[in-house]
$ cat my_file_21.txt   # compact mmCIF, C-alpha atoms and all ligand atoms
# COMPACT_ATOMS: atom_id res chain seq x y z
CA MET A 1 72.29 25.04 -6.56
CA ASN A 2 72.13 23.36 -3.19
CA GLY A 3 71.31 19.90 -4.52
CA LEU A 4 68.16 21.02 -6.33
CA SER A 5 68.49 18.50 -9.07
CA GLU A 6 68.76 15.67 -6.49
CA LYS A 7 65.69 16.98 -4.78
CA LEU A 8 63.78 17.08 -8.06
CA SER A 9 64.91 13.59 -9.03
CA ALA A 10 63.86 12.27 -5.64
CA ILE A 11 60.39 13.78 -6.07
CA LYS A 12 60.13 12.37 -9.57
CA GLN A 13 61.08 8.92 -8.32
CA GLU A 14 58.62 9.23 -5.45
CA ILE A 15 55.88 10.02 -7.94
CA LEU A 16 56.80 7.09 -10.20
CA ASP A 17 56.93 4.66 -7.26
CA GLY A 18 53.72 5.89 -5.70
CA MET A 19 51.77 5.75 -8.93
CA GLU A 20 52.25 2.02 -9.24
CA SER A 21 49.91 1.31 -6.37
CA LEU A 22 47.12 3.76 -7.32
CA ASP A 23 43.92 1.96 -8.16
CA SER A 24 41.21 4.64 -8.50
CA SER A 25 40.73 8.15 -9.78
CA LYS A 26 40.12 9.21 -6.22
CA ALA A 27 43.48 7.79 -5.13
CA VAL A 28 45.13 9.59 -8.07
CA TYR A 29 43.54 12.86 -6.96
CA GLU A 30 44.71 12.44 -3.37
CA PHE A 31 48.21 11.47 -4.42
CA LYS A 32 48.40 14.37 -6.87
CA LYS A 33 47.46 16.77 -4.12
CA THR A 34 50.49 15.74 -2.01
CA PHE A 35 52.69 17.12 -4.80
CA LEU A 36 50.79 19.77 -6.68
CA ASP A 37 48.70 21.43 -4.00
CA SER A 38 49.93 25.03 -4.21
CA LYS A 39 50.12 25.38 -0.43
CA ASN A 40 51.10 22.01 0.97
CA GLY A 41 52.19 19.99 -2.07
CA LYS A 42 55.87 19.15 -2.33
CA ILE A 43 56.21 20.84 -5.74
CA GLY A 44 53.94 23.66 -4.62
CA GLN A 45 56.30 24.35 -1.76
CA LEU A 46 59.27 24.44 -4.12
CA MET A 47 57.43 27.07 -6.13
CA LYS A 48 56.85 29.07 -2.99
CA GLU A 49 60.60 28.88 -2.22
CA MET A 50 61.20 30.97 -5.33
CA LYS A 51 61.12 34.19 -3.35
CA ASN A 52 64.11 33.09 -1.26
CA ILE A 53 66.27 32.14 -4.21
CA PRO A 54 69.05 34.62 -5.02
CA PRO A 55 68.20 36.62 -8.15
CA ALA A 56 71.00 35.13 -10.17
CA GLU A 57 69.68 31.61 -9.69
CA LYS A 58 65.99 32.39 -9.96
CA ALA A 59 65.67 31.73 -13.70
CA GLU A 60 67.36 28.35 -13.55
CA TYR A 61 65.46 27.35 -10.42
CA GLY A 62 62.14 28.35 -11.89
CA LYS A 63 62.78 26.52 -15.14
CA ASN A 64 63.65 23.26 -13.39
CA VAL A 65 60.81 23.34 -10.92
CA ASN A 66 58.36 24.24 -13.66
CA ALA A 67 59.62 21.41 -15.82
CA LEU A 68 58.96 19.00 -12.95
CA LYS A 69 55.53 20.48 -12.39
CA THR A 70 54.61 20.05 -16.05
CA TRP A 71 55.92 16.52 -16.12
CA ALA A 72 54.06 15.61 -12.91
CA THR A 73 50.82 17.16 -14.16
CA GLU A 74 51.02 15.11 -17.32
CA GLN A 75 51.67 11.94 -15.36
CA PHE A 76 48.72 12.52 -13.10
CA ASP A 77 46.38 13.53 -15.94
CA GLU A 78 47.27 10.44 -17.90
CA MET A 79 46.82 8.20 -14.88
CA ASP A 80 43.53 9.91 -14.03
CA ALA A 81 42.18 9.34 -17.55
CA ARG A 82 43.15 5.67 -17.40
CA MET A 83 41.46 5.21 -14.00
CA LYS A 84 38.30 6.98 -15.11
CA GLU A 85 38.04 4.78 -18.16
CA LYS A 86 38.51 1.65 -16.07
CA GLU A 87 35.85 2.86 -13.61
CA LEU A 88 33.41 3.63 -16.39
CA LEU A 89 33.81 0.18 -17.89
CA LEU A 90 33.23 -1.34 -14.46
CA ARG A 91 30.07 0.76 -14.04
CA TYR A 92 28.79 -0.34 -17.43
CA GLU A 93 29.43 -3.92 -16.45
CA ASN A 94 27.57 -3.57 -13.15
CA GLU A 95 24.62 -1.77 -14.66
CA LYS A 96 24.27 -4.14 -17.55
CA ILE A 97 20.72 -5.39 -18.05
CA ASP A 98 20.18 -8.86 -19.36
CA ILE A 99 17.28 -8.27 -21.70
CA SER A 100 17.00 -11.98 -22.41
CA MET A 101 16.14 -12.77 -18.78
CA PRO A 102 12.53 -13.94 -18.32
CA ALA A 103 10.41 -11.22 -16.69
CA GLN A 104 9.02 -11.69 -13.22
CA LYS A 105 5.34 -12.58 -13.43
CA ILE A 106 3.14 -9.76 -12.19
CA VAL A 107 0.15 -11.08 -10.32
CA PRO A 108 -2.61 -8.49 -10.36
CA GLY A 109 -4.22 -7.72 -7.03
CA ASN A 110 -7.88 -8.11 -6.30
CA LEU A 111 -10.34 -6.60 -3.91
CA HIS A 112 -10.85 -8.53 -0.69
CA PRO A 113 -13.99 -10.72 -0.74
CA ILE A 114 -15.50 -8.65 2.07
CA THR A 115 -15.00 -5.48 0.03
CA LEU A 116 -16.45 -7.19 -3.04
CA ILE A 117 -19.61 -8.21 -1.19
CA LYS A 118 -19.89 -4.83 0.50
CA ASN A 119 -19.61 -3.08 -2.88
CA GLN A 120 -22.12 -5.45 -4.44
CA LEU A 121 -24.63 -4.76 -1.65
CA ILE A 122 -24.11 -1.01 -1.91
CA ASP A 123 -24.69 -1.20 -5.68
CA ILE A 124 -27.92 -3.17 -5.24
CA PHE A 125 -29.28 -0.86 -2.55
CA ALA A 126 -28.17 2.28 -4.37
CA SER A 127 -30.19 1.11 -7.38
CA MET A 128 -33.20 0.97 -5.03
CA GLY A 129 -32.59 4.55 -3.94
CA PHE A 130 -30.71 4.00 -0.64
CA GLU A 131 -28.09 6.52 0.42
CA VAL A 132 -24.97 5.51 2.34
CA PHE A 133 -24.46 6.78 5.89
CA GLU A 134 -21.15 5.90 7.55
CA GLY A 135 -21.42 5.98 11.30
CA ALA A 136 -18.57 6.09 13.83
CA GLU A 137 -16.92 2.99 15.29
CA ILE A 138 -16.79 4.57 18.73
CA GLU A 139 -20.29 5.15 20.03
CA THR A 140 -21.91 6.08 23.27
CA ASP A 141 -23.94 3.63 25.30
CA TYR A 142 -26.96 5.77 24.42
CA TYR A 143 -26.75 5.36 20.64
CA ASN A 144 -25.63 1.74 20.69
CA PHE A 145 -28.21 0.54 23.25
CA THR A 146 -30.48 2.94 25.12
CA ALA A 147 -31.97 4.79 22.14
CA LEU A 148 -32.43 1.42 20.46
CA ASN A 149 -34.85 0.50 23.24
CA THR A 150 -32.29 -1.56 25.16
CA PRO A 151 -32.46 -0.46 28.80
CA GLN A 152 -29.60 -0.99 31.27
CA ASP A 153 -30.74 -4.36 32.54
CA HIS A 154 -31.97 -5.66 29.21
CA PRO A 155 -30.81 -9.18 28.28
CA ALA A 156 -29.95 -7.99 24.75
CA ARG A 157 -26.93 -6.23 26.25
CA ASP A 158 -25.58 -9.61 27.34
CA MET A 159 -26.21 -11.04 23.88
CA GLN A 160 -23.67 -8.62 22.57
CA ASP A 161 -20.66 -8.75 24.88
CA THR A 162 -19.41 -5.23 24.57
CA PHE A 163 -15.93 -3.65 24.52
CA TYR A 164 -16.41 -0.63 26.79
CA LEU A 165 -13.87 2.19 26.50
CA THR A 166 -15.30 4.12 29.44
CA GLN A 167 -18.62 3.88 31.21
CA GLU A 168 -20.13 5.99 28.48
CA PHE A 169 -18.11 5.15 25.36
CA LEU A 170 -17.84 1.78 23.66
CA LEU A 171 -16.90 0.14 20.37
CA ARG A 172 -20.22 -0.17 18.60
CA THR A 173 -21.60 -3.69 18.69
CA GLN A 174 -23.98 -3.07 15.80
CA THR A 175 -24.40 -0.68 12.89
CA SER A 176 -27.95 -0.16 14.20
CA ALA A 177 -26.48 2.72 16.23
CA GLY A 178 -26.33 4.66 12.96
CA GLN A 179 -30.13 4.49 12.65
CA ILE A 180 -30.52 6.80 15.60
CA HIS A 181 -28.08 9.41 14.28
CA VAL A 182 -29.88 9.44 10.94
CA MET A 183 -33.40 9.66 12.43
CA GLU A 184 -32.31 12.41 14.83
CA ASN A 185 -30.99 14.50 11.98
CA THR A 186 -33.25 13.73 9.04
CA ALA A 187 -36.96 14.14 8.57
CA PRO A 188 -38.70 11.22 6.79
CA PRO A 189 -38.76 9.93 4.12
CA ILE A 190 -35.52 8.16 5.08
CA LYS A 191 -33.82 5.45 3.06
CA ILE A 192 -30.28 4.75 4.20
CA LEU A 193 -27.69 2.03 4.14
CA SER A 194 -24.98 2.01 6.78
CA PRO A 195 -22.03 -0.32 6.23
CA GLY A 196 -19.27 -0.60 8.82
CA ARG A 197 -17.17 -2.55 11.26
CA VAL A 198 -18.61 -3.66 14.57
CA PHE A 199 -17.00 -5.21 17.64
CA ARG A 200 -18.00 -7.91 20.11
CA SER A 201 -16.14 -10.01 22.62
CA ASP A 202 -16.79 -13.16 20.65
CA ASP A 203 -14.26 -15.48 19.07
CA ASP A 204 -14.73 -18.89 17.47
CA ALA A 205 -14.87 -20.48 14.01
CA THR A 206 -17.87 -18.42 12.95
CA HIS A 207 -17.39 -15.31 15.13
CA SER A 208 -14.68 -12.69 15.20
CA PRO A 209 -14.19 -9.81 17.70
CA MET A 210 -14.36 -7.48 14.72
CA PHE A 211 -16.67 -8.01 11.79
CA SER A 212 -18.69 -6.06 9.26
CA GLN A 213 -22.38 -5.31 9.09
CA MET A 214 -24.63 -3.50 6.69
CA GLU A 215 -27.60 -1.75 8.22
CA GLY A 216 -30.61 -0.61 6.30
CA LEU A 217 -33.38 1.74 7.39
CA VAL A 218 -36.50 2.94 5.61
CA VAL A 219 -38.93 5.36 7.28
CA ASP A 220 -41.93 6.84 5.50
CA LYS A 221 -45.71 6.98 5.65
CA GLY A 222 -47.36 3.56 5.48
CA ILE A 223 -44.26 1.34 5.54
CA THR A 224 -45.07 -2.25 6.55
CA LEU A 225 -43.43 -5.64 6.85
CA CYS A 226 -44.64 -6.35 3.27
CA ASP A 227 -42.34 -3.60 1.97
CA LEU A 228 -39.46 -5.27 3.78
CA LYS A 229 -40.34 -8.67 2.30
CA GLY A 230 -40.64 -7.20 -1.22
CA MET A 231 -37.27 -5.50 -0.96
CA LEU A 232 -35.60 -8.62 0.46
CA ASP A 233 -36.86 -10.76 -2.41
CA VAL A 234 -35.26 -8.42 -4.93
CA LEU A 235 -32.07 -8.35 -2.86
CA VAL A 236 -31.57 -12.12 -2.53
CA GLN A 237 -32.27 -12.74 -6.19
CA LYS A 238 -29.55 -10.28 -7.10
CA ILE A 239 -27.09 -11.84 -4.65
CA PHE A 240 -27.89 -15.53 -4.84
CA GLY A 241 -29.54 -15.78 -8.26
CA GLU A 242 -33.03 -15.78 -9.71
CA GLY A 243 -35.46 -18.14 -8.13
CA THR A 244 -34.12 -17.52 -4.61
CA THR A 245 -36.94 -16.70 -2.20
CA THR A 246 -37.12 -15.50 1.39
CA ARG A 247 -38.90 -16.71 4.49
CA LEU A 248 -39.50 -14.61 7.60
CA ARG A 249 -39.39 -16.27 11.02
CA PRO A 250 -40.47 -14.48 14.19
CA SER A 251 -37.55 -13.29 16.26
CA TYR A 252 -36.68 -10.66 18.81
CA PHE A 253 -34.71 -7.41 18.64
CA PRO A 254 -35.46 -4.59 21.09
CA PHE A 255 -35.52 -1.96 18.35
CA THR A 256 -38.00 -3.70 16.04
CA GLU A 257 -41.55 -4.87 16.66
CA PRO A 258 -42.35 -7.28 15.16
CA SER A 259 -38.84 -8.65 14.60
CA VAL A 260 -37.92 -11.32 12.10
CA GLU A 261 -35.06 -13.58 11.16
CA VAL A 262 -34.79 -13.78 7.38
CA ASP A 263 -33.94 -17.07 5.67
CA VAL A 264 -33.19 -17.56 1.97
CA SER A 265 -34.02 -20.71 0.07
CA CYS A 266 -30.77 -22.67 -0.14
CA PHE A 267 -28.88 -21.51 -3.21
CA GLU A 268 -26.78 -24.68 -3.14
CA CYS A 269 -29.56 -27.29 -3.41
CA GLY A 270 -32.47 -25.08 -4.45
CA GLY A 271 -34.33 -25.96 -1.26
CA LYS A 272 -34.19 -29.76 -1.39
CA GLY A 273 -31.90 -29.98 1.61
CA CYS A 274 -28.10 -30.36 1.62
CA LYS A 275 -25.05 -30.04 3.87
CA LEU A 276 -24.96 -26.23 3.53
CA CYS A 277 -28.56 -25.75 4.68
CA LYS A 278 -28.26 -28.64 7.14
CA GLY A 279 -31.05 -30.44 5.33
CA THR A 280 -33.63 -27.71 5.97
CA GLY A 281 -33.62 -26.07 2.53
CA TRP A 282 -33.25 -22.65 4.20
CA ILE A 283 -30.30 -20.50 5.27
CA GLU A 284 -30.52 -17.66 7.77
CA VAL A 285 -29.02 -14.46 6.36
CA LEU A 286 -30.14 -11.44 8.34
CA GLY A 287 -32.18 -9.87 11.10
CA ALA A 288 -34.89 -7.32 10.42
CA GLY A 289 -38.20 -5.93 11.56
CA VAL A 290 -40.59 -3.02 11.74
CA VAL A 291 -38.97 -0.13 13.59
CA ASN A 292 -40.23 -0.07 17.15
CA LYS A 293 -42.49 2.97 17.74
CA LYS A 294 -40.47 3.79 20.86
CA VAL A 295 -37.33 4.17 18.72
CA LEU A 296 -39.08 6.51 16.28
CA GLU A 297 -40.38 8.61 19.16
CA VAL A 298 -36.97 8.81 20.87
CA CYS A 299 -35.65 10.34 17.63
CA GLY A 300 -38.49 12.83 17.44
CA ILE A 301 -40.42 11.11 14.64
CA ASP A 302 -44.19 10.94 15.02
CA SER A 303 -44.95 7.20 15.12
CA ASP A 304 -48.64 7.75 14.29
CA GLU A 305 -47.70 9.39 11.02
CA TYR A 306 -44.61 7.41 10.07
CA SER A 307 -43.46 3.82 10.24
CA GLY A 308 -40.36 2.03 9.02
CA PHE A 309 -38.44 -1.16 8.61
CA ALA A 310 -34.81 -1.92 9.38
CA PHE A 311 -32.43 -4.77 8.73
CA GLY A 312 -28.88 -5.78 9.59
CA ILE A 313 -26.74 -8.06 7.45
CA GLY A 314 -23.51 -9.74 8.60
CA ILE A 315 -21.07 -9.38 5.71
CA GLU A 316 -18.58 -12.06 6.78
CA ARG A 317 -21.43 -14.51 7.22
CA LEU A 318 -22.62 -13.76 3.70
CA ALA A 319 -19.05 -14.21 2.38
CA MET A 320 -18.70 -17.53 4.19
CA LEU A 321 -21.94 -18.78 2.68
CA LYS A 322 -21.11 -17.53 -0.78
CA TYR A 323 -17.58 -18.94 -0.91
CA GLY A 324 -18.20 -22.04 1.18
CA ILE A 325 -15.76 -21.09 3.96
CA ASN A 326 -16.27 -22.65 7.37
CA ASN A 327 -13.78 -20.55 9.36
CA ILE A 328 -14.20 -16.78 9.60
CA LYS A 329 -10.46 -16.37 10.35
CA LEU A 330 -9.68 -17.12 6.71
CA LEU A 331 -11.25 -13.77 5.90
CA PHE A 332 -8.90 -11.88 8.21
CA GLU A 333 -5.57 -13.64 7.70
CA SER A 334 -4.73 -12.13 4.30
CA ASP A 335 -3.28 -15.42 3.10
CA MET A 336 -2.92 -14.97 -0.67
CA ARG A 337 -3.34 -18.72 -1.26
CA VAL A 338 -6.83 -18.45 0.24
CA LEU A 339 -7.80 -15.00 -1.02
CA SER A 340 -6.82 -15.75 -4.61
CA GLN A 341 -9.51 -18.44 -4.62
CA LEU A 342 -12.18 -16.11 -3.30
CA ASN A 343 -13.22 -13.99 -6.20
CA ASP A 344 -15.93 -14.07 -8.77
CA ASP A 345 -13.68 -14.60 -11.81
N1 LIG A 401 -28.28 -5.23 15.06
C1 LIG A 401 -28.65 -6.62 14.91
C2 LIG A 401 -27.48 -7.49 15.30
O1 LIG A 401 -26.40 -6.99 15.32
C3 LIG A 401 -29.07 -6.92 13.51
C4 LIG A 401 -30.39 -6.28 13.19
C5 LIG A 401 -31.55 -6.92 13.45
C6 LIG A 401 -30.43 -5.01 12.67
C7 LIG A 401 -32.78 -6.39 13.18
C8 LIG A 401 -31.66 -4.41 12.40
C9 LIG A 401 -32.83 -5.12 12.67
O2 LIG A 401 -31.78 -3.21 11.89
O3 LIG A 401 -34.01 -4.57 12.36
O4 LIG A 401 -27.64 -8.62 15.56

$ encode --input "my_file_21.txt" --output "structure tokens" --more "lines below"
Ligand code: DAH
Amino acid sequence: MNGLSEKLSAIKQEILDGMESLDSSKAVYEFKKTFLDSKNGKIGQLMKEMKNIPPAEKAEYGKNVNALKTWATEQFDEMDARMKEKELLLRYENEKIDISMPAQKIVPGNLHPITLIKNQLIDIFASMGFEVFEGAEIETDYYNFTALNTPQDHPARDMQDTFYLTQEFLLRTQTSAGQIHVMENTAPPIKILSPGRVFRSDDDATHSPMFSQMEGLVVDKGITLCDLKGMLDVLVQKIFGEGTTTRLRPSYFPFTEPSVEVDVSCFECGGKGCKLCKGTGWIEVLGAGVVNKKVLEVCGIDSDEYSGFAFGIGIERLAMLKYGINNIKLLFESDMRVLSQLNDD
């Protein structure tokens, strides 16, 4: 039979030798294919030879080749099972969880101090009936300045070094721009609060090119500076504690007449004079005033029938006072060592 039995023995030996170096089920599969693949495997090819074997020898040939095939299949199956078991054990080992290991401490997050103060202010004003209006950060020169009674050559434009995007568009320098949008679109009575980011070319320990303001506007019949003062007293007591009072000092803003700078009695020393209030007993917290008649008129509101007051609060400044921070950058750096100290817990 043309050396068939030698051929079969050689294949058998080849299988036995090759199996010694197999180290994974994948390797077993590949190796198995080189023998048992019905098209290209060495045993597969022997099976295909069958058709060329003379009829008299066919039975013997088939029996021998089949015996080898069965033997080889068993070998590979056994090897495959062993490899799979070894791989499973390895996977169990790698995926093992040490339940006795101490858990990593989860530090809960907190709202940023600016957000906390903003939310607190919104809550206070909402309880007084104010509605929130969110203006846009990109404004036109008209809304940011002109309609707020700040003509082209007005010195107030220099006070607020502006980031111009084009000749017409700019990054708003003040949330006051929102006042105009609201008055243009709403008939009095108006009572709105407009929080938002503003931008100025200003950068030192107490100024940042981007900061947050909260604008307030009330327009109705018979509104006076006394209404402003009454509202401010309620506000500062809620923020700084009972017993805090306000003081109005004359100031200047083009969109209010009269304009005032609002001080609160020092919440640190109660007004006796300390480092925080620089010995004066008072701390400046916001700008405000009675809405200039020209501004009402520009928005189509009859200034003989209606009057209003407005105010603008710097949120970072309030945060710095409240938490005793002397550098505004600490509020923008997101340093957890700093921020974790700045909360009300
Ligand atoms: N817009 C002013 C500023 O950025 C703050 C301000 C002052 C707003 C007086 C007002 C106001 O509404 O009445 O400095």

$ residues_near_ligand --input "my_file_21.txt" --ligand "ligand LIG 401 (chain A)" --cutoff "6 Å" --atoms "all atoms listed in the file" --output "number ranges by chain"
A: 174, 176, 215, 253, 256, 287-289, 310-312

$ closest_residue --input "my_file_21.txt" --among "A:Lys69, A:Lys7, A:Lys86, A:Lys229" --to "Ser24 (chain A)" --atoms "all atoms listed in the file"
A:Lys86

$ closest_residue --input "my_file_21.txt" --among "A:Lys191, A:Lys32, A:Arg172, A:His112" --to "Met79 (chain A)" --atoms "all atoms listed in the file"
A:Lys32

$ atom_distance --input "my_file_21.txt" --atom1 "CA of Val236 (chain A)" --atom2 "CA of Ser265 (chain A)"
9.3 Å

$ closest_residue --input "my_file_21.txt" --among "A:Leu276, A:Ile106, A:Val219, A:Val262" --to "Ile180 (chain A)" --atoms "only C-alpha atoms"
A:Val219

$ atom_distance --input "my_file_21.txt" --atom1 "CA of Lys221 (chain A)" --atom2 "CA of Val234 (chain A)"
21.4 Å

$ atom_distance --input "my_file_21.txt" --atom1 "CA of Pro151 (chain A)" --atom2 "CA of Leu248 (chain A)"
26.4 Å

$ residues_around --input "my_file_21.txt" --residues "Tyr29 (chain A)" --least-positions-apart "2" --cutoff "12 Å" --atoms "all atoms listed in the file" --output "number ranges by chain"
A: 19, 22-27, 31-37, 73, 75-81, 83-84

$ residues_around --input "my_file_21.txt" --residues "Gln179 (chain A)" --least-positions-apart "3" --cutoff "9 Å" --atoms "all atoms listed in the file" --output "list in words"
Gly135, Tyr143, Leu148, Thr175, Ser176, Val182, Met183, Glu184, Ile192, Ser194, Glu215, Gly216, Leu217 and Ala310 of chain A

$ decode --input "my_file_21.txt" --residues "region 132-202 of chain A" --atoms "C-alpha atoms" --output "compact mmCIF listing (two decimals), in the first residue's frame"
# COMPACT_ATOMS: atom_id res chain seq x y z
CA VAL A 132 -35.04 85.98 36.05
CA PHE A 133 -34.06 87.31 32.63
CA GLU A 134 -30.88 85.88 31.10
CA GLY A 135 -29.39 88.23 28.56
CA ALA A 136 -26.78 87.42 25.91
CA GLU A 137 -23.03 87.69 26.48
CA ILE A 138 -22.52 89.20 23.05
CA GLU A 139 -24.24 92.55 22.82
CA THR A 140 -24.32 95.46 20.47
CA ASP A 141 -22.77 98.79 21.33
CA TYR A 142 -26.32 100.16 21.41
CA TYR A 143 -27.62 97.91 24.20
CA ASN A 144 -24.43 97.92 26.25
CA PHE A 145 -23.83 101.70 26.07
CA THR A 146 -25.92 103.98 23.87
CA ALA A 147 -29.38 103.01 25.12
CA LEU A 148 -28.01 103.19 28.65
CA ASN A 149 -27.41 106.91 28.09
CA THR A 150 -23.70 106.49 27.39
CA PRO A 151 -22.93 108.44 24.22
CA GLN A 152 -19.88 107.75 22.03
CA ASP A 153 -17.54 110.17 23.75
CA HIS A 154 -18.80 109.53 27.26
CA PRO A 155 -16.10 108.91 29.90
CA ALA A 156 -18.07 105.93 31.25
CA ARG A 157 -16.99 104.00 28.16
CA ASP A 158 -13.38 104.37 29.26
CA MET A 159 -14.27 103.21 32.77
CA GLN A 160 -15.20 99.90 31.29
CA ASP A 161 -12.42 98.89 28.90
CA THR A 162 -14.37 96.91 26.38
CA PHE A 163 -13.62 93.79 24.32
CA TYR A 164 -14.99 94.75 20.90
CA LEU A 165 -15.73 91.93 18.46
CA THR A 166 -16.55 94.27 15.59
CA GLN A 167 -17.37 97.96 15.54
CA GLU A 168 -20.93 97.08 16.45
CA PHE A 169 -20.65 93.90 18.53
CA LEU A 170 -18.88 93.50 21.86
CA LEU A 171 -18.70 91.26 24.92
CA ARG A 172 -21.09 92.93 27.33
CA THR A 173 -19.31 94.89 30.02
CA GLN A 174 -22.35 94.95 32.30
CA THR A 175 -25.58 93.04 32.81
CA SER A 176 -27.29 96.46 32.64
CA ALA A 177 -27.61 95.80 28.89
CA GLY A 178 -30.38 93.34 29.78
CA GLN A 179 -32.46 96.19 31.25
CA ILE A 180 -32.97 97.64 27.80
CA HIS A 181 -34.09 94.35 26.24
CA VAL A 182 -36.60 93.83 29.04
CA MET A 183 -37.99 97.40 28.92
CA GLU A 184 -38.26 97.28 25.12
CA ASN A 185 -40.31 94.11 25.28
CA THR A 186 -42.32 94.38 28.48
CA ALA A 187 -44.84 96.92 29.64
CA PRO A 188 -44.54 97.96 33.32
CA PRO A 189 -44.86 96.77 36.02
CA ILE A 190 -41.41 95.20 35.58
CA LYS A 191 -39.48 93.35 38.25
CA ILE A 192 -36.55 91.39 36.88
CA LEU A 193 -33.25 89.96 37.96
CA SER A 194 -30.57 89.36 35.36
CA PRO A 195 -27.56 87.28 36.40
CA GLY A 196 -24.70 86.67 34.00
CA ARG A 197 -21.07 86.88 33.01
CA VAL A 198 -19.57 90.17 31.92
CA PHE A 199 -16.21 91.03 30.38
CA ARG A 200 -13.72 93.87 30.79
CA SER A 201 -10.09 94.36 29.92
CA ASP A 202 -9.11 94.48 33.56
